[in-house]
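Below is one structure; the comments refer to it alone.
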Amino acid sequence: MKKKRKEPALDYGTEIRKLKEQGPRRLYLLWGEEDYLRDDYLKTLREICASGAGDSFQSRIFKSAQPDPVDLRFAIDTLPFFSERSLIEIREMDYLKPGDADALISVLEDIPEYCTVVFLPEQGEEPNGKSKIVKYLREHGTEIRFTVQDQNMLIRWITRRFAYYGKSLEIEAAQRLIWLSGDQMKRLIPEIEKIAAYTKGEKVTVSDVNAVANRIPEADIFELTDAIAERRFNTAAGILADLLEQRDNSVPAILSMLSNQFRRLYLATQTRNTAELMELSGIKYDFMARRLLQSARSFQPKQLQQAVSLCARADYRLKSEGTDEKQLLKETLMRIALEVSDG
């Protein structure tokens, strides 16, 4: 089985300390899945550059697929006013277009000591490594990828957020929150606020999390496959119906998540322990891997192979036939249930 490449989580604490102790650098490329951390890093960068300027400091922001090199040159050469440094943010840049790449690079080659230029791709966008400008930024600038935090870092952050509201929480409650609401910090902040307001005592429990936390579709998919494993087929059909009623869930997206879950369950039948499953499947958190291993015991490997095959056939039909998408998804779930029932 091919192992998935594991991306190490960014040590954000170290990065922010380096920024505060060593000061800003002249050229940055800031991107990544965890936009909360990127925004926080950028906020700190602005505060350092604005040293002594207070609210009057304004960074210059370029929002253009191709920022004009002449305008950028003028902004870079302009001395900071009432602040230690000038800060220039280049947002929404289309890294795929060659355009003025050479002219732009020539401007970036001569950034004065008092200026910091930050390139900020759109949230969720990964810089194109083949682009000339991206190659230059990676070679001559400071690139920081704001990854989703690892389990220990994320749980410590969740604990600190609850402490702000005067609440402590069990480790199982923090894990349950990640399970239900995902690991994106911006998504977790309003969930933490709701749970803290709901919890009557000082300690937040798993029951408190279950009571008010919003669920991501992946959590419902896991509950759905658990219901199939336990032969609770009406429950599984009910979960699917709820998923289909949610506007943000398209049939292809639900089918993709369902297929991915069955693939992971199959991997769980082929692995010996939690660490191996995490490495093979790309699961980031050991408590999720442990539950997946437990759920996989209720299936036979051939049942999971057939489930993946049925999802693949449904996906092909979605892309090639003018069929009723929701009905096709329900039929696929029924066939998977029959496969498990017959086994």
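Residue names in the structure tokens use chain letters A, B, ... in the order shown, residue numbers from 1 in each chain, and ligand numbers from 1 in the order shown.
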
Nearby residues (only C-alpha atoms) at most 8 Å from Phe233 in chain A, same-chain spacing under 5 positions excluded, as number ranges by chain | A: 227-228, 337

Would you put the residues from that selection into a file with N, CA, C and O atoms, as an mmCIF file, in the first residue's frame?
```cif
data_model
loop_
_atom_site.group_PDB
_atom_site.id
_atom_site.type_symbol
_atom_site.label_atom_id
_atom_site.label_comp_id
_atom_site.auth_asym_id
_atom_site.auth_seq_id
_atom_site.Cartn_x
_atom_site.Cartn_y
_atom_site.Cartn_z
ATOM 1 N N ALA A 227 -23.537 3.136 11.426
ATOM 2 C CA ALA A 227 -24.904 2.600 11.441
ATOM 3 C C ALA A 227 -25.020 1.401 10.497
ATOM 4 O O ALA A 227 -25.686 0.403 10.818
ATOM 5 N N ILE A 228 -24.360 1.484 9.339
ATOM 6 C CA ILE A 228 -24.373 0.351 8.401
ATOM 7 C C ILE A 228 -23.679 -0.855 9.026
ATOM 8 O O ILE A 228 -24.160 -1.987 8.944
ATOM 9 N N ALA A 337 -25.787 -1.445 1.852
ATOM 10 C CA ALA A 337 -26.438 -2.051 3.015
ATOM 11 C C ALA A 337 -26.768 -3.525 2.758
ATOM 12 O O ALA A 337 -26.578 -4.377 3.630
#
```

Out of range 117-298 of chain A, which residues get helix (DSSP H, G or I) from DSSP, as a VMD selection string?
-> chain A and resid 132 to 140 151 to 164 171 to 181 185 to 198 206 to 212 217 to 229 233 to 245 251 to 270 274 to 281 286 to 296

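Checking A:Thr205, A:Val212, A:Leu333, A:Glu89 one by one against Thr235 in chain A, counting only C-alpha atoms, you find the shortest gap at A:Leu333.
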
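By chain and then residue number, the residues within 10 Å of Leu27 in chain A are Ile88, Leu108, Glu109, Ile111, Cys115, Thr116, Val117, Val118, Phe119, Leu137, Arg138, His140, Gly141, Thr142 and Glu143 of chain A, counting only C-alpha atoms and disregarding those fewer than 5 positions away in sequence.
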
Create the file for the chosen residues now, containing N, CA and C atoms and written as a short mmCIF file (atom, residue, chain, number, x, y, z; two decimals), in the first residue's frame.
```cif
data_model
loop_
_atom_site.label_atom_id
_atom_site.label_comp_id
_atom_site.auth_asym_id
_atom_site.auth_seq_id
_atom_site.Cartn_x
_atom_site.Cartn_y
_atom_site.Cartn_z
N ILE A 88 3.62 46.35 2.62
CA ILE A 88 2.87 46.26 1.37
C ILE A 88 2.33 44.84 1.24
N LEU A 108 11.17 43.56 -6.94
CA LEU A 108 11.38 42.85 -5.68
C LEU A 108 12.86 42.64 -5.36
N GLU A 109 13.69 42.75 -6.37
CA GLU A 109 15.13 42.57 -6.15
C GLU A 109 15.76 43.72 -5.37
N ILE A 111 14.27 45.76 -2.58
CA ILE A 111 13.40 46.22 -1.50
C ILE A 111 14.27 46.85 -0.41
N CYS A 115 11.22 48.40 4.35
CA CYS A 115 9.98 47.95 3.71
C CYS A 115 9.82 46.43 3.82
N THR A 116 8.59 46.00 4.01
CA THR A 116 8.25 44.58 3.99
C THR A 116 7.14 44.37 2.97
N VAL A 117 7.35 43.42 2.07
CA VAL A 117 6.37 43.08 1.04
C VAL A 117 5.86 41.66 1.31
N VAL A 118 4.54 41.52 1.37
CA VAL A 118 3.93 40.23 1.70
C VAL A 118 3.00 39.80 0.57
N PHE A 119 3.24 38.61 0.04
CA PHE A 119 2.35 38.02 -0.96
C PHE A 119 1.38 37.08 -0.25
N LEU A 137 9.94 33.95 -5.08
CA LEU A 137 9.57 34.19 -3.68
C LEU A 137 10.13 33.11 -2.77
N ARG A 138 10.10 31.86 -3.22
CA ARG A 138 10.59 30.76 -2.40
C ARG A 138 12.11 30.78 -2.28
N HIS A 140 14.10 33.66 -2.62
CA HIS A 140 14.64 34.90 -2.05
C HIS A 140 13.82 35.46 -0.88
N GLY A 141 12.64 34.95 -0.66
CA GLY A 141 11.80 35.43 0.44
C GLY A 141 11.66 34.41 1.55
N THR A 142 10.76 34.68 2.46
CA THR A 142 10.45 33.78 3.57
C THR A 142 9.06 33.21 3.31
N GLU A 143 9.00 31.92 3.08
CA GLU A 143 7.72 31.25 2.85
C GLU A 143 7.26 30.58 4.14
#
```

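Using only C-alpha atoms, the nearest neighbour of Leu30 in chain A within the list A:Ser250, A:Thr274, A:Ser168, A:Gln123 is A:Gln123.
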
For range 76-78 of chain A, list every protein, DNA or RNA residue within 10 Å, evaluated using only C-alpha atoms, and leave out those in the same chain fewer than 2 positions away; present the list as a PyMOL selection string.
-> chain A and resi 60+70-74+80-81+86-88+107-108+110-112+114-117

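Residues within 7 Å of Cys311 in chain A, counting only C-alpha atoms and excluding same-chain residues fewer than 6 positions away, are A:Leu255, A:Ser259, A:Thr332.
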
Just the selected residues (N, CA, C and O atoms), exported as a PDB file, in the first residue's frame, please.
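Heads up, here's the output in selection36.pdb:
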```pdb
ATOM      1  N   LEU A 255     -21.001  11.718  -1.985  1.00  0.00           N
ATOM      2  CA  LEU A 255     -20.529  10.437  -2.528  1.00  0.00           C
ATOM      3  C   LEU A 255     -19.016  10.312  -2.363  1.00  0.00           C
ATOM      4  O   LEU A 255     -18.504   9.243  -2.016  1.00  0.00           O
ATOM      5  N   SER A 259     -17.212   7.425  -0.200  1.00  0.00           N
ATOM      6  CA  SER A 259     -16.195   6.554  -0.794  1.00  0.00           C
ATOM      7  C   SER A 259     -14.892   6.616  -0.013  1.00  0.00           C
ATOM      8  O   SER A 259     -14.261   5.586   0.258  1.00  0.00           O
ATOM      9  N   THR A 332     -27.374   3.635  -4.135  1.00  0.00           N
ATOM     10  CA  THR A 332     -26.026   3.155  -3.821  1.00  0.00           C
ATOM     11  C   THR A 332     -25.909   2.765  -2.357  1.00  0.00           C
ATOM     12  O   THR A 332     -25.346   1.713  -2.019  1.00  0.00           O
TER      13      THR A 332
END
```

Check which residues of range 120-221 of chain A sit at most 9 Å from range 6-24 of chain A using only C-alpha atoms, and return one row each with the closest pair of atoms and their distance in Å to one decimal, ordered by chain and rising number, as JSON lines.
```
{"residue": "A:Ile144", "atom": "CA", "partner": "A:Leu10", "partner_atom": "CA", "distance": 8.4}
{"residue": "A:Arg145", "atom": "CA", "partner": "A:Leu10", "partner_atom": "CA", "distance": 7.2}
{"residue": "A:Phe146", "atom": "CA", "partner": "A:Leu10", "partner_atom": "CA", "distance": 6.2}
{"residue": "A:Thr147", "atom": "CA", "partner": "A:Ala9", "partner_atom": "CA", "distance": 5.6}
{"residue": "A:Val148", "atom": "CA", "partner": "A:Ala9", "partner_atom": "CA", "distance": 6.5}
{"residue": "A:Gln149", "atom": "CA", "partner": "A:Ala9", "partner_atom": "CA", "distance": 5.5}
{"residue": "A:Asp150", "atom": "CA", "partner": "A:Ala9", "partner_atom": "CA", "distance": 5.8}
{"residue": "A:Met153", "atom": "CA", "partner": "A:Asp11", "partner_atom": "CA", "distance": 8.5}
```

Output all heavy atoms for every residue in that selection, as a PDB file, in the first residue's frame.
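Listing of part34.pdb after writing:
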```
ATOM      1  N   ILE A 144       6.013  30.841   4.522  1.00  0.00           N
ATOM      2  CA  ILE A 144       5.431  30.180   5.682  1.00  0.00           C
ATOM      3  C   ILE A 144       4.099  29.579   5.254  1.00  0.00           C
ATOM      4  O   ILE A 144       3.213  30.286   4.776  1.00  0.00           O
ATOM      5  CB  ILE A 144       5.202  31.145   6.863  1.00  0.00           C
ATOM      6  CG1 ILE A 144       6.518  31.834   7.259  1.00  0.00           C
ATOM      7  CG2 ILE A 144       4.638  30.379   8.066  1.00  0.00           C
ATOM      8  CD1 ILE A 144       6.365  32.844   8.383  1.00  0.00           C
ATOM      9  N   ARG A 145       3.981  28.275   5.431  1.00  0.00           N
ATOM     10  CA  ARG A 145       2.723  27.588   5.156  1.00  0.00           C
ATOM     11  C   ARG A 145       2.023  27.349   6.487  1.00  0.00           C
ATOM     12  O   ARG A 145       2.536  26.659   7.363  1.00  0.00           O
ATOM     13  CB  ARG A 145       2.951  26.255   4.453  1.00  0.00           C
ATOM     14  CG  ARG A 145       1.647  25.506   4.207  1.00  0.00           C
ATOM     15  CD  ARG A 145       1.863  24.197   3.496  1.00  0.00           C
ATOM     16  NE  ARG A 145       0.595  23.492   3.350  1.00  0.00           N
ATOM     17  CZ  ARG A 145       0.467  22.290   2.774  1.00  0.00           C
ATOM     18  NH1 ARG A 145       1.540  21.679   2.291  1.00  0.00           N
ATOM     19  NH2 ARG A 145      -0.717  21.718   2.694  1.00  0.00           N
ATOM     20  N   PHE A 146       0.844  27.910   6.624  1.00  0.00           N
ATOM     21  CA  PHE A 146       0.085  27.809   7.872  1.00  0.00           C
ATOM     22  C   PHE A 146      -0.784  26.557   7.821  1.00  0.00           C
ATOM     23  O   PHE A 146      -1.913  26.582   7.340  1.00  0.00           O
ATOM     24  CB  PHE A 146      -0.735  29.083   8.094  1.00  0.00           C
ATOM     25  CG  PHE A 146       0.128  30.299   8.277  1.00  0.00           C
ATOM     26  CD1 PHE A 146       0.528  31.057   7.190  1.00  0.00           C
ATOM     27  CD2 PHE A 146       0.577  30.652   9.534  1.00  0.00           C
ATOM     28  CE1 PHE A 146       1.350  32.166   7.347  1.00  0.00           C
ATOM     29  CE2 PHE A 146       1.394  31.761   9.712  1.00  0.00           C
ATOM     30  CZ  PHE A 146       1.789  32.511   8.609  1.00  0.00           C
ATOM     31  N   THR A 147      -0.217  25.479   8.317  1.00  0.00           N
ATOM     32  CA  THR A 147      -0.880  24.187   8.281  1.00  0.00           C
ATOM     33  C   THR A 147      -1.890  24.061   9.418  1.00  0.00           C
ATOM     34  O   THR A 147      -1.814  24.774  10.426  1.00  0.00           O
ATOM     35  CB  THR A 147       0.137  23.057   8.431  1.00  0.00           C
ATOM     36  OG1 THR A 147       0.813  23.205   9.692  1.00  0.00           O
ATOM     37  CG2 THR A 147       1.167  23.088   7.309  1.00  0.00           C
ATOM     38  N   VAL A 148      -2.832  23.131   9.243  1.00  0.00           N
ATOM     39  CA  VAL A 148      -3.698  22.742  10.350  1.00  0.00           C
ATOM     40  C   VAL A 148      -2.807  22.191  11.451  1.00  0.00           C
ATOM     41  O   VAL A 148      -1.866  21.439  11.195  1.00  0.00           O
ATOM     42  CB  VAL A 148      -4.715  21.677   9.896  1.00  0.00           C
ATOM     43  CG1 VAL A 148      -5.494  21.133  11.078  1.00  0.00           C
ATOM     44  CG2 VAL A 148      -5.660  22.263   8.856  1.00  0.00           C
ATOM     45  N   GLN A 149      -3.074  22.568  12.696  1.00  0.00           N
ATOM     46  CA  GLN A 149      -2.203  22.198  13.799  1.00  0.00           C
ATOM     47  C   GLN A 149      -2.331  20.722  14.165  1.00  0.00           C
ATOM     48  O   GLN A 149      -3.375  20.106  13.936  1.00  0.00           O
ATOM     49  CB  GLN A 149      -2.520  23.063  15.017  1.00  0.00           C
ATOM     50  CG  GLN A 149      -2.247  24.535  14.778  1.00  0.00           C
ATOM     51  CD  GLN A 149      -0.765  24.822  14.549  1.00  0.00           C
ATOM     52  OE1 GLN A 149      -0.017  24.982  15.498  1.00  0.00           O
ATOM     53  NE2 GLN A 149      -0.342  24.886  13.313  1.00  0.00           N
ATOM     54  N   ASP A 150      -1.251  20.167  14.718  1.00  0.00           N
ATOM     55  CA  ASP A 150      -1.320  18.777  15.124  1.00  0.00           C
ATOM     56  C   ASP A 150      -2.184  18.652  16.382  1.00  0.00           C
ATOM     57  O   ASP A 150      -2.634  19.642  16.967  1.00  0.00           O
ATOM     58  CB  ASP A 150       0.073  18.166  15.327  1.00  0.00           C
ATOM     59  CG  ASP A 150       0.838  18.751  16.509  1.00  0.00           C
ATOM     60  OD1 ASP A 150       0.209  19.282  17.456  1.00  0.00           O
ATOM     61  OD2 ASP A 150       2.083  18.690  16.491  1.00  0.00           O
ATOM     62  N   MET A 153      -1.082  20.516  19.755  1.00  0.00           N
ATOM     63  CA  MET A 153      -1.134  21.970  19.607  1.00  0.00           C
ATOM     64  C   MET A 153      -2.578  22.466  19.567  1.00  0.00           C
ATOM     65  O   MET A 153      -2.934  23.465  20.207  1.00  0.00           O
ATOM     66  CB  MET A 153      -0.415  22.401  18.325  1.00  0.00           C
ATOM     67  CG  MET A 153       1.082  22.219  18.348  1.00  0.00           C
ATOM     68  SD  MET A 153       1.819  22.705  16.762  1.00  0.00           S
ATOM     69  CE  MET A 153       3.564  22.325  17.060  1.00  0.00           C
TER      70      MET A 153
END
```

From a DSSP pass on the backbone, collect the residues of range 24-176 of chain A flagged as strand (DSSP E) and hand them back as a count of residues only.
-> 27

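Counting only C-alpha atoms and comparing A:Ser131, A:Asp315, A:Ser295, A:Ser106, the residue that lies closest to Glu230 in chain A is A:Ser295.
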
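Using only C-alpha atoms, the nearest neighbour of Phe287 in chain A within the list A:Asp208, A:Glu218, A:Asp102, A:Glu172 is A:Glu172.
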
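Ranking A:Gln306, A:Leu104, A:Thr159, A:Arg187 by their shortest atom-to-atom distance to Lys132 in chain A, with only C-alpha atoms included, puts A:Leu104 first.
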
Close residues, Gln261 in chain A itself excluded, 8 Å, only C-alpha atoms, min 6 positions apart in chain, as number ranges by chain = A: 221-222, 225

Leaving out Leu258 in chain A and any residue of its chain fewer than 6 positions from it, which residues lie within 12 Å of it when counting only C-alpha atoms, given as a PyMOL selection string?
-> chain A and resi 217-226+228+236+240+243+251-252+264-265+304+307-312+314-315+329-330+332-333+336

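Our summary of the geometry notes that CA of Leu293 in chain A is positioned 29.0 Å from CA of Ile195 in chain A.
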